[in-house]
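Q: One file is attached below, model-v8.cif, containing mmCIF, N, CA and C atoms.
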```cif
data_data
#
loop_
_atom_site.label_atom_id
_atom_site.label_comp_id
_atom_site.auth_asym_id
_atom_site.auth_seq_id
_atom_site.Cartn_x
_atom_site.Cartn_y
_atom_site.Cartn_z
N MET W 1 140.67 193.56 65.82
CA MET W 1 142.07 193.54 65.46
C MET W 1 142.89 193.71 66.73
N ASP W 2 143.91 192.93 66.87
CA ASP W 2 144.80 193.02 68.02
C ASP W 2 145.67 194.26 67.84
N LEU W 3 145.33 195.32 68.55
CA LEU W 3 146.00 196.60 68.35
C LEU W 3 147.49 196.58 68.62
N GLY W 4 147.98 195.60 69.36
CA GLY W 4 149.38 195.59 69.71
C GLY W 4 150.27 194.74 68.84
N SER W 5 149.72 193.94 67.93
CA SER W 5 150.56 193.01 67.18
C SER W 5 151.15 193.64 65.92
N ASP W 6 152.34 193.14 65.53
CA ASP W 6 152.99 193.61 64.30
C ASP W 6 152.13 193.30 63.08
N LYS W 7 151.50 192.12 63.09
CA LYS W 7 150.64 191.73 61.98
C LYS W 7 149.46 192.69 61.84
N ALA W 8 148.88 193.06 62.96
CA ALA W 8 147.76 194.00 62.92
C ALA W 8 148.21 195.35 62.38
N GLN W 9 149.39 195.78 62.79
CA GLN W 9 149.91 197.06 62.32
C GLN W 9 150.12 197.05 60.82
N LYS W 10 150.73 195.98 60.31
CA LYS W 10 151.00 195.88 58.87
C LYS W 10 149.69 195.81 58.09
N THR W 11 148.77 194.97 58.54
CA THR W 11 147.48 194.83 57.86
C THR W 11 146.71 196.14 57.86
N HIS W 12 146.66 196.80 59.01
CA HIS W 12 145.96 198.08 59.11
C HIS W 12 146.57 199.10 58.16
N SER W 13 147.87 199.18 58.15
CA SER W 13 148.57 200.14 57.29
C SER W 13 148.25 199.89 55.81
N GLU W 14 148.30 198.65 55.39
CA GLU W 14 148.02 198.32 53.99
C GLU W 14 146.56 198.59 53.64
N LEU W 15 145.65 198.22 54.53
CA LEU W 15 144.23 198.46 54.27
C LEU W 15 143.92 199.96 54.22
N TYR W 16 144.47 200.69 55.17
CA TYR W 16 144.21 202.13 55.23
C TYR W 16 144.72 202.82 53.97
N GLU W 17 145.92 202.43 53.55
CA GLU W 17 146.51 203.02 52.32
C GLU W 17 145.64 202.68 51.11
N PHE W 18 145.22 201.43 51.00
CA PHE W 18 144.39 201.00 49.88
C PHE W 18 143.07 201.76 49.83
N VAL W 19 142.39 201.84 50.95
CA VAL W 19 141.10 202.53 50.99
C VAL W 19 141.27 204.02 50.71
N SER W 20 142.35 204.61 51.22
CA SER W 20 142.61 206.03 50.97
C SER W 20 142.83 206.31 49.49
N LYS W 21 143.46 205.37 48.79
CA LYS W 21 143.73 205.55 47.36
C LYS W 21 142.54 205.18 46.49
N ASN W 22 141.59 204.45 47.05
CA ASN W 22 140.43 203.97 46.28
C ASN W 22 139.12 204.27 47.01
N PRO W 23 138.87 205.53 47.34
CA PRO W 23 137.71 205.84 48.18
C PRO W 23 136.36 205.54 47.53
N ARG W 24 136.31 205.49 46.22
CA ARG W 24 135.03 205.19 45.55
C ARG W 24 134.80 203.70 45.38
N ASP W 25 135.86 202.93 45.48
CA ASP W 25 135.76 201.50 45.22
C ASP W 25 135.87 200.63 46.46
N ALA W 26 136.36 201.18 47.55
CA ALA W 26 136.60 200.36 48.74
C ALA W 26 136.15 201.11 49.99
N ARG W 27 135.71 200.33 50.94
CA ARG W 27 135.29 200.89 52.21
C ARG W 27 135.84 199.99 53.31
N LEU W 28 136.41 200.60 54.31
CA LEU W 28 136.96 199.85 55.44
C LEU W 28 135.99 199.96 56.60
N ILE W 29 135.56 198.81 57.08
CA ILE W 29 134.68 198.77 58.24
C ILE W 29 135.43 198.06 59.34
N TRP W 30 135.65 198.75 60.42
CA TRP W 30 136.43 198.24 61.55
C TRP W 30 135.50 197.55 62.52
N LYS W 31 135.88 196.37 62.93
CA LYS W 31 135.18 195.66 63.99
C LYS W 31 136.22 195.33 65.05
N ASP W 32 135.93 195.70 66.27
CA ASP W 32 136.85 195.37 67.36
C ASP W 32 136.95 193.86 67.51
N ALA W 33 138.07 193.43 68.07
CA ALA W 33 138.27 192.00 68.29
C ALA W 33 138.76 191.75 69.71
N PRO W 34 138.02 192.19 70.70
CA PRO W 34 138.47 192.02 72.08
C PRO W 34 138.09 190.67 72.68
N ASN W 35 138.52 189.61 72.05
CA ASN W 35 138.22 188.26 72.51
C ASN W 35 139.09 187.95 73.72
N SER W 36 138.48 187.49 74.79
CA SER W 36 139.23 187.25 76.02
C SER W 36 140.28 186.16 75.85
N ASN W 37 140.14 185.31 74.85
CA ASN W 37 141.16 184.30 74.57
C ASN W 37 142.37 184.91 73.87
N ILE W 38 142.18 186.06 73.25
CA ILE W 38 143.25 186.72 72.51
C ILE W 38 143.83 187.87 73.32
N PHE W 39 142.96 188.62 73.98
CA PHE W 39 143.36 189.88 74.58
C PHE W 39 143.46 189.84 76.08
N SER W 40 144.31 190.67 76.55
CA SER W 40 144.42 190.92 77.98
C SER W 40 143.42 192.01 78.35
N TYR W 41 143.33 192.28 79.63
CA TYR W 41 142.51 193.39 80.11
C TYR W 41 142.94 194.69 79.43
N ASN W 42 144.26 194.90 79.30
CA ASN W 42 144.75 196.16 78.74
C ASN W 42 144.34 196.34 77.28
N ALA W 43 144.35 195.26 76.51
CA ALA W 43 143.93 195.38 75.11
C ALA W 43 142.44 195.69 75.02
N THR W 44 141.64 195.08 75.89
CA THR W 44 140.22 195.39 75.91
C THR W 44 140.02 196.86 76.29
N LEU W 45 140.81 197.33 77.23
CA LEU W 45 140.76 198.75 77.61
C LEU W 45 141.09 199.65 76.42
N ALA W 46 142.09 199.25 75.64
CA ALA W 46 142.47 200.03 74.46
C ALA W 46 141.33 200.07 73.44
N HIS W 47 140.64 198.96 73.27
CA HIS W 47 139.51 198.93 72.34
C HIS W 47 138.39 199.84 72.83
N LYS W 48 138.13 199.82 74.11
CA LYS W 48 137.12 200.72 74.67
C LYS W 48 137.54 202.18 74.47
N ALA W 49 138.81 202.47 74.71
CA ALA W 49 139.31 203.85 74.57
C ALA W 49 139.19 204.31 73.12
N ALA W 50 139.51 203.44 72.17
CA ALA W 50 139.39 203.81 70.75
C ALA W 50 137.93 204.09 70.41
N PHE W 51 137.03 203.22 70.87
CA PHE W 51 135.60 203.42 70.66
C PHE W 51 135.18 204.78 71.21
N CYS W 52 135.64 205.10 72.41
CA CYS W 52 135.26 206.36 73.06
C CYS W 52 135.92 207.57 72.41
N ALA W 53 137.10 207.39 71.86
CA ALA W 53 137.74 208.48 71.11
C ALA W 53 136.88 208.85 69.91
N GLY W 54 136.15 207.86 69.40
CA GLY W 54 135.23 208.12 68.29
C GLY W 54 134.14 209.11 68.66
N ASP W 55 133.77 209.15 69.93
CA ASP W 55 132.78 210.13 70.38
C ASP W 55 133.30 211.55 70.22
N GLN W 56 134.61 211.69 70.15
CA GLN W 56 135.24 213.00 69.96
C GLN W 56 135.83 213.11 68.55
N ASN W 57 135.32 212.28 67.65
CA ASN W 57 135.74 212.26 66.24
C ASN W 57 137.23 211.99 66.05
N LYS W 58 137.79 211.12 66.89
CA LYS W 58 139.21 210.82 66.80
C LYS W 58 139.48 209.31 66.80
N PHE W 59 138.49 208.52 66.36
CA PHE W 59 138.67 207.07 66.39
C PHE W 59 139.89 206.63 65.59
N TRP W 60 139.93 207.00 64.30
CA TRP W 60 141.03 206.55 63.44
C TRP W 60 142.37 207.08 63.91
N GLN W 61 142.40 208.33 64.36
CA GLN W 61 143.66 208.89 64.87
C GLN W 61 144.14 208.12 66.09
N PHE W 62 143.20 207.75 66.96
CA PHE W 62 143.54 207.01 68.18
C PHE W 62 144.11 205.64 67.81
N VAL W 63 143.41 204.94 66.92
CA VAL W 63 143.88 203.63 66.48
C VAL W 63 145.25 203.75 65.80
N ASP W 64 145.40 204.75 64.94
CA ASP W 64 146.70 204.95 64.26
C ASP W 64 147.82 205.17 65.27
N GLU W 65 147.56 205.95 66.30
CA GLU W 65 148.57 206.21 67.33
C GLU W 65 148.98 204.92 68.04
N ILE W 66 148.01 204.09 68.36
CA ILE W 66 148.32 202.82 69.01
C ILE W 66 149.16 201.95 68.08
N LEU W 67 148.74 201.85 66.83
CA LEU W 67 149.43 200.97 65.88
C LEU W 67 150.82 201.48 65.52
N LYS W 68 150.97 202.78 65.33
CA LYS W 68 152.27 203.34 64.94
C LYS W 68 153.29 203.23 66.06
N SER W 69 152.85 203.51 67.26
CA SER W 69 153.80 203.61 68.36
C SER W 69 153.90 202.35 69.20
N LYS W 70 153.09 201.33 68.87
CA LYS W 70 153.01 200.15 69.72
C LYS W 70 152.83 200.61 71.17
N ALA W 71 151.90 201.50 71.32
CA ALA W 71 151.69 202.18 72.60
C ALA W 71 151.43 201.21 73.74
N ASN W 72 151.83 201.64 74.88
CA ASN W 72 151.50 200.96 76.12
C ASN W 72 149.98 200.97 76.21
N LEU W 73 149.37 199.81 76.33
CA LEU W 73 147.92 199.72 76.35
C LEU W 73 147.33 199.86 77.74
N ARG W 74 148.16 200.19 78.70
CA ARG W 74 147.65 200.47 80.04
C ARG W 74 147.09 201.88 80.06
N GLU W 75 146.45 202.22 81.14
CA GLU W 75 145.80 203.53 81.24
C GLU W 75 146.77 204.68 80.98
N ALA W 76 147.99 204.59 81.51
CA ALA W 76 148.97 205.68 81.33
C ALA W 76 149.30 205.89 79.85
N GLY W 77 149.52 204.81 79.12
CA GLY W 77 149.83 204.92 77.70
C GLY W 77 148.66 205.47 76.90
N LEU W 78 147.46 205.03 77.25
CA LEU W 78 146.27 205.53 76.57
C LEU W 78 146.03 207.00 76.90
N ASN W 79 146.36 207.40 78.12
CA ASN W 79 146.26 208.82 78.49
C ASN W 79 147.24 209.66 77.67
N ASN W 80 148.43 209.12 77.41
CA ASN W 80 149.40 209.85 76.58
C ASN W 80 148.86 210.07 75.18
N ILE W 81 148.25 209.05 74.61
CA ILE W 81 147.64 209.19 73.28
C ILE W 81 146.52 210.22 73.33
N SER W 82 145.67 210.12 74.34
CA SER W 82 144.57 211.06 74.50
C SER W 82 145.07 212.49 74.56
N SER W 83 146.15 212.68 75.30
CA SER W 83 146.73 214.02 75.44
C SER W 83 147.29 214.52 74.10
N ARG W 84 148.02 213.65 73.38
CA ARG W 84 148.58 214.05 72.08
C ARG W 84 147.48 214.43 71.09
N LEU W 85 146.34 213.75 71.19
CA LEU W 85 145.23 214.02 70.27
C LEU W 85 144.31 215.13 70.77
N LYS W 86 144.66 215.68 71.93
CA LYS W 86 143.89 216.77 72.54
C LYS W 86 142.43 216.37 72.80
N LEU W 87 142.27 215.13 73.29
CA LEU W 87 140.93 214.67 73.67
C LEU W 87 140.58 215.17 75.06
N ASP W 88 139.31 215.29 75.32
CA ASP W 88 138.85 215.60 76.66
C ASP W 88 138.97 214.31 77.46
N SER W 89 139.98 214.23 78.29
CA SER W 89 140.30 213.01 79.03
C SER W 89 139.17 212.59 79.97
N THR W 90 138.52 213.54 80.59
CA THR W 90 137.42 213.21 81.50
C THR W 90 136.30 212.51 80.74
N LYS W 91 135.93 213.07 79.59
CA LYS W 91 134.87 212.46 78.78
C LYS W 91 135.30 211.08 78.28
N LEU W 92 136.56 210.97 77.88
CA LEU W 92 137.06 209.70 77.38
C LEU W 92 136.90 208.60 78.43
N TRP W 93 137.38 208.86 79.66
CA TRP W 93 137.35 207.83 80.69
C TRP W 93 135.96 207.58 81.24
N GLU W 94 135.10 208.61 81.22
CA GLU W 94 133.70 208.37 81.58
C GLU W 94 133.08 207.38 80.60
N CYS W 95 133.39 207.57 79.33
CA CYS W 95 132.88 206.68 78.29
C CYS W 95 133.48 205.28 78.44
N VAL W 96 134.80 205.19 78.63
CA VAL W 96 135.46 203.89 78.76
C VAL W 96 134.82 203.06 79.87
N ASN W 97 134.43 203.70 80.95
CA ASN W 97 133.84 203.01 82.09
C ASN W 97 132.32 202.90 82.01
N SER W 98 131.74 203.28 80.89
CA SER W 98 130.29 203.30 80.74
C SER W 98 129.73 201.95 80.31
N THR W 99 128.43 201.82 80.48
CA THR W 99 127.75 200.61 80.02
C THR W 99 127.73 200.57 78.48
N ALA W 100 127.75 201.72 77.83
CA ALA W 100 127.77 201.76 76.35
C ALA W 100 129.05 201.13 75.82
N ALA W 101 130.19 201.46 76.42
CA ALA W 101 131.46 200.88 75.97
C ALA W 101 131.49 199.39 76.26
N GLU W 102 130.98 198.99 77.40
CA GLU W 102 130.93 197.56 77.75
C GLU W 102 130.03 196.81 76.78
N ALA W 103 128.90 197.41 76.43
CA ALA W 103 127.97 196.79 75.48
C ALA W 103 128.62 196.65 74.11
N LYS W 104 129.37 197.66 73.69
CA LYS W 104 130.08 197.60 72.40
C LYS W 104 131.07 196.45 72.39
N ILE W 105 131.83 196.30 73.45
CA ILE W 105 132.81 195.22 73.54
C ILE W 105 132.11 193.86 73.56
N ASN W 106 131.04 193.73 74.31
CA ASN W 106 130.30 192.47 74.35
C ASN W 106 129.71 192.12 72.99
N PHE W 107 129.20 193.12 72.28
CA PHE W 107 128.68 192.90 70.93
C PHE W 107 129.79 192.38 70.03
N SER W 108 130.96 193.01 70.12
CA SER W 108 132.09 192.60 69.29
C SER W 108 132.53 191.17 69.60
N LYS W 109 132.57 190.82 70.87
CA LYS W 109 132.94 189.45 71.26
C LYS W 109 131.95 188.44 70.69
N ASN W 110 130.67 188.76 70.79
CA ASN W 110 129.64 187.86 70.26
C ASN W 110 129.73 187.74 68.74
N LEU W 111 130.03 188.85 68.08
CA LEU W 111 130.19 188.82 66.62
C LEU W 111 131.37 187.94 66.23
N MET W 112 132.47 188.08 66.95
CA MET W 112 133.65 187.24 66.67
C MET W 112 133.30 185.77 66.80
N ARG W 113 132.62 185.43 67.88
CA ARG W 113 132.24 184.02 68.10
C ARG W 113 131.34 183.53 66.96
N SER W 114 130.36 184.35 66.56
CA SER W 114 129.41 183.92 65.53
C SER W 114 130.09 183.75 64.17
N LEU W 115 131.17 184.50 63.92
CA LEU W 115 131.91 184.39 62.66
C LEU W 115 133.03 183.37 62.73
N GLY W 116 133.22 182.78 63.89
CA GLY W 116 134.26 181.76 64.04
C GLY W 116 135.67 182.33 64.06
N ILE W 117 135.81 183.58 64.45
CA ILE W 117 137.13 184.21 64.49
C ILE W 117 137.82 183.84 65.78
N LYS W 118 139.00 183.25 65.66
CA LYS W 118 139.75 182.81 66.83
C LYS W 118 141.07 183.55 66.98
N SER W 119 141.44 184.33 65.98
CA SER W 119 142.67 185.12 66.06
C SER W 119 142.46 186.41 65.29
N SER W 120 143.33 187.34 65.52
CA SER W 120 143.20 188.61 64.82
C SER W 120 144.58 189.03 64.33
N PRO W 121 144.65 189.83 63.29
CA PRO W 121 143.49 190.40 62.60
C PRO W 121 142.77 189.37 61.74
N ALA W 122 141.52 189.63 61.50
CA ALA W 122 140.71 188.84 60.58
C ALA W 122 140.21 189.80 59.51
N LEU W 123 140.20 189.34 58.29
CA LEU W 123 139.84 190.21 57.18
C LEU W 123 138.78 189.53 56.34
N PHE W 124 137.71 190.26 56.05
CA PHE W 124 136.66 189.79 55.17
C PHE W 124 136.57 190.76 54.01
N VAL W 125 136.52 190.24 52.80
CA VAL W 125 136.35 191.06 51.60
C VAL W 125 135.13 190.51 50.88
N ASN W 126 134.17 191.37 50.63
CA ASN W 126 132.91 190.96 50.00
C ASN W 126 132.31 189.74 50.71
N ASN W 127 132.30 189.82 52.02
CA ASN W 127 131.73 188.79 52.90
C ASN W 127 132.46 187.45 52.86
N ARG W 128 133.67 187.44 52.33
CA ARG W 128 134.48 186.22 52.32
C ARG W 128 135.69 186.43 53.22
N LYS W 129 135.92 185.44 54.09
CA LYS W 129 137.07 185.54 54.98
C LYS W 129 138.35 185.27 54.18
N ILE W 130 139.33 186.14 54.37
CA ILE W 130 140.63 186.00 53.73
C ILE W 130 141.58 185.37 54.74
N ASN W 131 142.26 184.33 54.33
CA ASN W 131 143.20 183.66 55.21
C ASN W 131 144.52 184.44 55.22
N LEU W 132 144.73 185.19 56.28
CA LEU W 132 145.94 186.02 56.38
C LEU W 132 147.16 185.20 56.78
N GLU W 133 146.96 183.92 57.09
CA GLU W 133 148.10 183.05 57.42
C GLU W 133 148.86 182.65 56.16
N GLU W 134 148.18 182.66 55.03
CA GLU W 134 148.82 182.31 53.77
C GLU W 134 149.72 183.47 53.33
N LYS W 135 150.69 183.14 52.53
CA LYS W 135 151.56 184.18 51.96
C LYS W 135 150.80 184.81 50.80
N ILE W 136 150.22 185.96 51.06
CA ILE W 136 149.49 186.66 50.01
C ILE W 136 150.00 188.08 49.93
N ASP W 137 149.88 188.64 48.75
CA ASP W 137 150.17 190.05 48.56
C ASP W 137 148.84 190.77 48.75
N LEU W 138 148.64 191.33 49.92
CA LEU W 138 147.35 191.93 50.27
C LEU W 138 146.96 193.02 49.28
N LYS W 139 147.90 193.88 48.91
CA LYS W 139 147.59 194.96 47.98
C LYS W 139 147.14 194.42 46.63
N GLN W 140 147.86 193.43 46.12
CA GLN W 140 147.50 192.84 44.83
C GLN W 140 146.13 192.19 44.90
N MET W 141 145.87 191.45 45.99
CA MET W 141 144.58 190.79 46.14
C MET W 141 143.45 191.82 46.17
N LEU W 142 143.64 192.90 46.91
CA LEU W 142 142.60 193.92 46.99
C LEU W 142 142.37 194.59 45.65
N ASN W 143 143.44 194.82 44.91
CA ASN W 143 143.30 195.43 43.59
C ASN W 143 142.46 194.57 42.65
N THR W 144 142.54 193.24 42.76
CA THR W 144 141.75 192.39 41.90
C THR W 144 140.25 192.55 42.18
N PHE W 145 139.90 192.95 43.37
CA PHE W 145 138.48 193.13 43.69
C PHE W 145 137.89 194.40 43.09
N ILE W 146 138.74 195.37 42.79
CA ILE W 146 138.19 196.62 42.26
C ILE W 146 138.48 196.83 40.78
N GLU W 147 139.20 195.90 40.15
CA GLU W 147 139.47 196.04 38.72
C GLU W 147 138.16 196.06 37.98
N LYS W 148 138.11 196.90 37.01
CA LYS W 148 136.88 197.08 36.25
C LYS W 148 136.92 196.29 34.98
#
```
Give the structure from the file, written as C-alpha coordinates.

A:
Amino acid sequence: MDLGSDKAQKTHSELYEFVSKNPRDARLIWKDAPNSNIFSYNATLAHKAAFCAGDQNKFWQFVDEILKSKANLREAGLNNISSRLKLDSTKLWECVNSTAAEAKINFSKNLMRSLGIKSSPALFVNNRKINLEEKIDLKQMLNTFIEK
(Lines of atoms letter the chains of each structure in order from A and count residues from 1; the text may use other names and numbers.)
(Lines give C-alpha, C1' and ligand atoms only; values in the text may rest on other atoms or scores of the structure.)
Protein backbone atom coordinates (compact mmCIF):
# COMPACT_ATOMS: atom_id res chain seq x y z
CA MET A 1 0.00 0.00 0.00
CA ASP A 2 1.31 3.43 -0.89
CA LEU A 3 1.56 4.89 2.60
CA GLY A 4 1.48 8.47 1.36
CA SER A 5 -1.58 8.49 -0.91
CA ASP A 6 -5.06 9.75 0.00
CA LYS A 7 -6.55 6.61 -1.53
CA ALA A 8 -4.38 4.41 0.67
CA GLN A 9 -5.39 6.39 3.74
CA LYS A 10 -9.10 6.08 2.98
CA THR A 11 -8.87 2.38 2.13
CA HIS A 12 -6.79 1.62 5.22
CA SER A 13 -9.21 3.53 7.44
CA GLU A 14 -12.26 1.71 6.06
CA LEU A 15 -10.60 -1.71 6.25
CA TYR A 16 -9.30 -1.15 9.76
CA GLU A 17 -12.73 0.00 10.96
CA PHE A 18 -14.44 -2.98 9.31
CA VAL A 19 -12.04 -5.54 10.75
CA SER A 20 -12.23 -3.93 14.20
CA LYS A 21 -16.03 -4.21 14.15
CA ASN A 22 -15.99 -7.77 12.78
CA PRO A 23 -13.03 -9.50 14.45
CA ARG A 24 -14.56 -12.99 14.19
CA ASP A 25 -15.54 -12.66 10.55
CA ALA A 26 -12.71 -10.68 8.97
CA ARG A 27 -8.97 -10.62 9.09
CA LEU A 28 -6.71 -7.97 7.61
CA ILE A 29 -3.40 -9.15 6.24
CA TRP A 30 -1.05 -6.36 5.27
CA LYS A 31 1.39 -6.80 2.43
CA ASP A 32 3.87 -4.06 1.68
CA ALA A 33 3.83 -2.61 -1.81
CA PRO A 34 7.27 -1.06 -2.27
CA ASN A 35 7.34 -1.37 -6.05
CA SER A 36 10.10 0.77 -7.51
CA ASN A 37 7.73 1.85 -10.28
CA ILE A 38 5.33 3.20 -7.67
CA PHE A 39 7.55 4.26 -4.80
CA SER A 40 10.42 6.53 -4.21
CA TYR A 41 13.36 5.68 -1.99
CA ASN A 42 11.58 7.45 0.89
CA ALA A 43 8.44 5.33 0.58
CA THR A 44 10.53 2.16 0.57
CA LEU A 45 12.28 3.49 3.67
CA ALA A 46 8.88 4.03 5.31
CA HIS A 47 7.88 0.44 4.54
CA LYS A 48 11.11 -0.83 6.07
CA ALA A 49 10.55 1.37 9.14
CA ALA A 50 6.99 0.07 9.58
CA PHE A 51 8.25 -3.52 9.27
CA CYS A 52 10.91 -2.79 11.89
CA ALA A 53 8.44 -1.04 14.20
CA GLY A 54 6.71 -4.41 14.24
CA ASP A 55 9.76 -5.82 16.03
CA GLN A 56 8.79 -3.50 18.87
CA ASN A 57 5.08 -4.41 18.60
CA LYS A 58 4.17 -1.08 17.03
CA PHE A 59 3.58 -1.97 13.37
CA TRP A 60 -0.07 -0.87 13.18
CA GLN A 61 0.55 2.24 15.27
CA PHE A 62 3.44 3.20 13.00
CA VAL A 63 1.38 2.69 9.84
CA ASP A 64 -1.55 4.60 11.38
CA GLU A 65 0.73 7.53 12.21
CA ILE A 66 2.01 7.69 8.64
CA LEU A 67 -1.49 7.47 7.18
CA LYS A 68 -3.13 9.93 9.59
CA SER A 69 -0.51 12.60 9.40
CA LYS A 70 0.66 12.14 5.82
CA ALA A 71 4.02 12.07 7.49
CA ASN A 72 7.22 13.09 5.85
CA LEU A 73 8.60 9.76 4.66
CA ARG A 74 12.19 10.89 4.94
CA GLU A 75 14.31 9.80 7.86
CA ALA A 76 13.47 12.91 9.92
CA GLY A 77 9.72 12.35 9.60
CA LEU A 78 10.05 8.67 10.42
CA ASN A 79 12.18 9.57 13.45
CA ASN A 80 9.38 11.87 14.64
CA ILE A 81 6.91 9.00 14.44
CA SER A 82 9.36 6.70 16.20
CA SER A 83 9.76 9.23 18.97
CA ARG A 84 5.98 9.74 19.39
CA LEU A 85 5.53 5.98 19.66
CA LYS A 86 8.42 5.73 22.12
CA LEU A 87 10.31 3.24 19.95
CA ASP A 88 13.95 2.44 20.54
CA SER A 89 15.32 4.49 17.65
CA THR A 90 18.68 2.70 17.59
CA LYS A 91 17.01 -0.70 17.24
CA LEU A 92 14.62 0.66 14.63
CA TRP A 93 17.37 2.01 12.36
CA GLU A 94 19.58 -1.04 12.85
CA CYS A 95 16.66 -3.09 11.60
CA VAL A 96 15.84 -0.69 8.73
CA ASN A 97 19.41 -1.06 7.47
CA SER A 98 19.49 -4.84 8.00
CA THR A 99 19.46 -7.63 5.46
CA ALA A 100 16.19 -8.86 7.06
CA ALA A 101 14.39 -5.61 6.17
CA GLU A 102 15.87 -5.68 2.66
CA ALA A 103 14.76 -9.30 2.24
CA LYS A 104 11.23 -8.40 3.39
CA ILE A 105 11.03 -5.59 0.84
CA ASN A 106 12.39 -7.82 -1.95
CA PHE A 107 9.88 -10.53 -1.06
CA SER A 108 7.07 -7.96 -1.22
CA LYS A 109 8.24 -6.66 -4.60
CA ASN A 110 8.35 -10.19 -5.99
CA LEU A 111 4.89 -10.94 -4.59
CA MET A 112 3.50 -7.80 -6.24
CA ARG A 113 4.98 -8.81 -9.58
CA SER A 114 3.63 -12.36 -9.31
CA LEU A 115 0.12 -11.05 -8.53
CA GLY A 116 0.25 -8.52 -11.35
CA ILE A 117 -0.12 -5.54 -9.03
CA LYS A 118 0.93 -2.35 -10.77
CA SER A 119 -0.59 0.24 -8.44
CA SER A 120 -1.55 0.51 -4.83
CA PRO A 121 -3.51 0.09 -2.78
CA ALA A 122 -4.54 -3.32 -4.03
CA LEU A 123 -7.21 -5.27 -2.22
CA PHE A 124 -7.95 -8.98 -2.33
CA VAL A 125 -11.00 -10.48 -0.62
CA ASN A 126 -11.23 -14.26 -0.45
CA ASN A 127 -8.36 -14.45 -2.94
CA ARG A 128 -10.18 -12.26 -5.47
CA LYS A 129 -8.74 -8.93 -6.53
CA ILE A 130 -11.15 -6.04 -5.98
CA ASN A 131 -10.98 -3.26 -8.54
CA LEU A 132 -10.64 -0.15 -6.40
CA GLU A 133 -10.79 2.05 -9.51
CA GLU A 134 -14.51 1.36 -9.80
CA LYS A 135 -16.98 3.37 -7.78
CA ILE A 136 -17.75 0.90 -5.03
CA ASP A 137 -18.97 1.23 -1.50
CA LEU A 138 -16.16 -0.67 0.20
CA LYS A 139 -18.03 -1.07 3.50
CA GLN A 140 -21.14 -2.42 1.79
CA MET A 141 -19.08 -4.79 -0.35
CA LEU A 142 -17.22 -6.14 2.68
CA ASN A 143 -20.47 -6.61 4.59
CA THR A 144 -21.79 -8.86 1.82
CA PHE A 145 -18.86 -11.21 2.39
CA ILE A 146 -19.70 -11.78 6.04
CA GLU A 147 -23.50 -11.90 5.88
CA LYS A 148 -24.72 -15.13 7.27

Q: Counting all atoms listed in the file, figure out which residue out of W:Asn143, W:Ser108, W:Asn127, W:Gln61 gets nearest to W:Ile81.

A: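 Among the listed residues, W:Gln61 lies closest to W:Ile81.
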
Q: Can you work out the spacing between atom CA of W:Asn80 and atom CA of W:His12 in Å, to one decimal?

A: 21.3 Å

Q: Between atom CA of W:Leu28 and atom C of W:Ala53, what is the spacing in Å?

A: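 Answer for the atom C of W:Ala53 to atom CA of W:Leu28 separation: 17.0 Å.
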
Q: Quick one: DSSP strand (DSSP E or B) residues in stretch 11-147 of chain W, as a PyMOL selection string?

A: chain W and resi 123-125+128-130

Q: Check the smallest atom-to-atom distance from each of W:Ala122, W:Leu92, W:Ala103, W:Leu15 to W:Leu138 using all atoms listed in the file, then report the winner.

A: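 Among the listed residues, W:Leu15 lies closest to W:Leu138.
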
Q: Between atom CA of W:Lys31 and atom CA of W:Trp93, what is the spacing in Å?

A: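 A separation of 20.8 Å between them.
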
Q: Name every residue that the PyMOL selection byres (((chain W and resi 77 and name CA) around 12) and name CA) selects in this structure, writing the answer as a short mmCIF file (atom, residue, chain, number, x, y, z; two decimals) with N, CA and C atoms, keeping the file's coordinate frame with chains first and numbers rising.

A:
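Now in result-v6.cif:
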```cif
data_model
loop_
_atom_site.label_atom_id
_atom_site.label_comp_id
_atom_site.auth_asym_id
_atom_site.auth_seq_id
_atom_site.Cartn_x
_atom_site.Cartn_y
_atom_site.Cartn_z
N ASN W 42 144.26 194.90 79.30
CA ASN W 42 144.75 196.16 78.74
C ASN W 42 144.34 196.34 77.28
N ALA W 43 144.35 195.26 76.51
CA ALA W 43 143.93 195.38 75.11
C ALA W 43 142.44 195.69 75.02
N LEU W 45 140.81 197.33 77.23
CA LEU W 45 140.76 198.75 77.61
C LEU W 45 141.09 199.65 76.42
N ALA W 46 142.09 199.25 75.64
CA ALA W 46 142.47 200.03 74.46
C ALA W 46 141.33 200.07 73.44
N ALA W 49 138.81 202.47 74.71
CA ALA W 49 139.31 203.85 74.57
C ALA W 49 139.19 204.31 73.12
N PHE W 62 143.20 207.75 66.96
CA PHE W 62 143.54 207.01 68.18
C PHE W 62 144.11 205.64 67.81
N GLU W 65 147.56 205.95 66.30
CA GLU W 65 148.57 206.21 67.33
C GLU W 65 148.98 204.92 68.04
N ILE W 66 148.01 204.09 68.36
CA ILE W 66 148.32 202.82 69.01
C ILE W 66 149.16 201.95 68.08
N SER W 69 152.85 203.51 67.26
CA SER W 69 153.80 203.61 68.36
C SER W 69 153.90 202.35 69.20
N LYS W 70 153.09 201.33 68.87
CA LYS W 70 153.01 200.15 69.72
C LYS W 70 152.83 200.61 71.17
N ALA W 71 151.90 201.50 71.32
CA ALA W 71 151.69 202.18 72.60
C ALA W 71 151.43 201.21 73.74
N ASN W 72 151.83 201.64 74.88
CA ASN W 72 151.50 200.96 76.12
C ASN W 72 149.98 200.97 76.21
N LEU W 73 149.37 199.81 76.33
CA LEU W 73 147.92 199.72 76.35
C LEU W 73 147.33 199.86 77.74
N ARG W 74 148.16 200.19 78.70
CA ARG W 74 147.65 200.47 80.04
C ARG W 74 147.09 201.88 80.06
N GLU W 75 146.45 202.22 81.14
CA GLU W 75 145.80 203.53 81.24
C GLU W 75 146.77 204.68 80.98
N ALA W 76 147.99 204.59 81.51
CA ALA W 76 148.97 205.68 81.33
C ALA W 76 149.30 205.89 79.85
N LEU W 78 147.46 205.03 77.25
CA LEU W 78 146.27 205.53 76.57
C LEU W 78 146.03 207.00 76.90
N ASN W 79 146.36 207.40 78.12
CA ASN W 79 146.26 208.82 78.49
C ASN W 79 147.24 209.66 77.67
N ASN W 80 148.43 209.12 77.41
CA ASN W 80 149.40 209.85 76.58
C ASN W 80 148.86 210.07 75.18
N ILE W 81 148.25 209.05 74.61
CA ILE W 81 147.64 209.19 73.28
C ILE W 81 146.52 210.22 73.33
N SER W 82 145.67 210.12 74.34
CA SER W 82 144.57 211.06 74.50
C SER W 82 145.07 212.49 74.56
N SER W 83 146.15 212.68 75.30
CA SER W 83 146.73 214.02 75.44
C SER W 83 147.29 214.52 74.10
N ARG W 84 148.02 213.65 73.38
CA ARG W 84 148.58 214.05 72.08
C ARG W 84 147.48 214.43 71.09
#
```

Q: I'd like to know which residues of stretch 19-139 of chain W are helix (DSSP H, G or I) (by DSSP, run on the backbone); could you write them as a PyMOL selection string?

A: chain W and resi 19-21+41-56+59-69+75-84+89-96+99-115+138-139

Q: Give the answer as one residue: which of W:Ile136, W:Ile105, W:Val19, W:Ile146 has the shortest atom-to-atom distance to W:His47, using all atoms listed in the file?

A: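 Under the stated criterion, the closest residue is W:Ile105.
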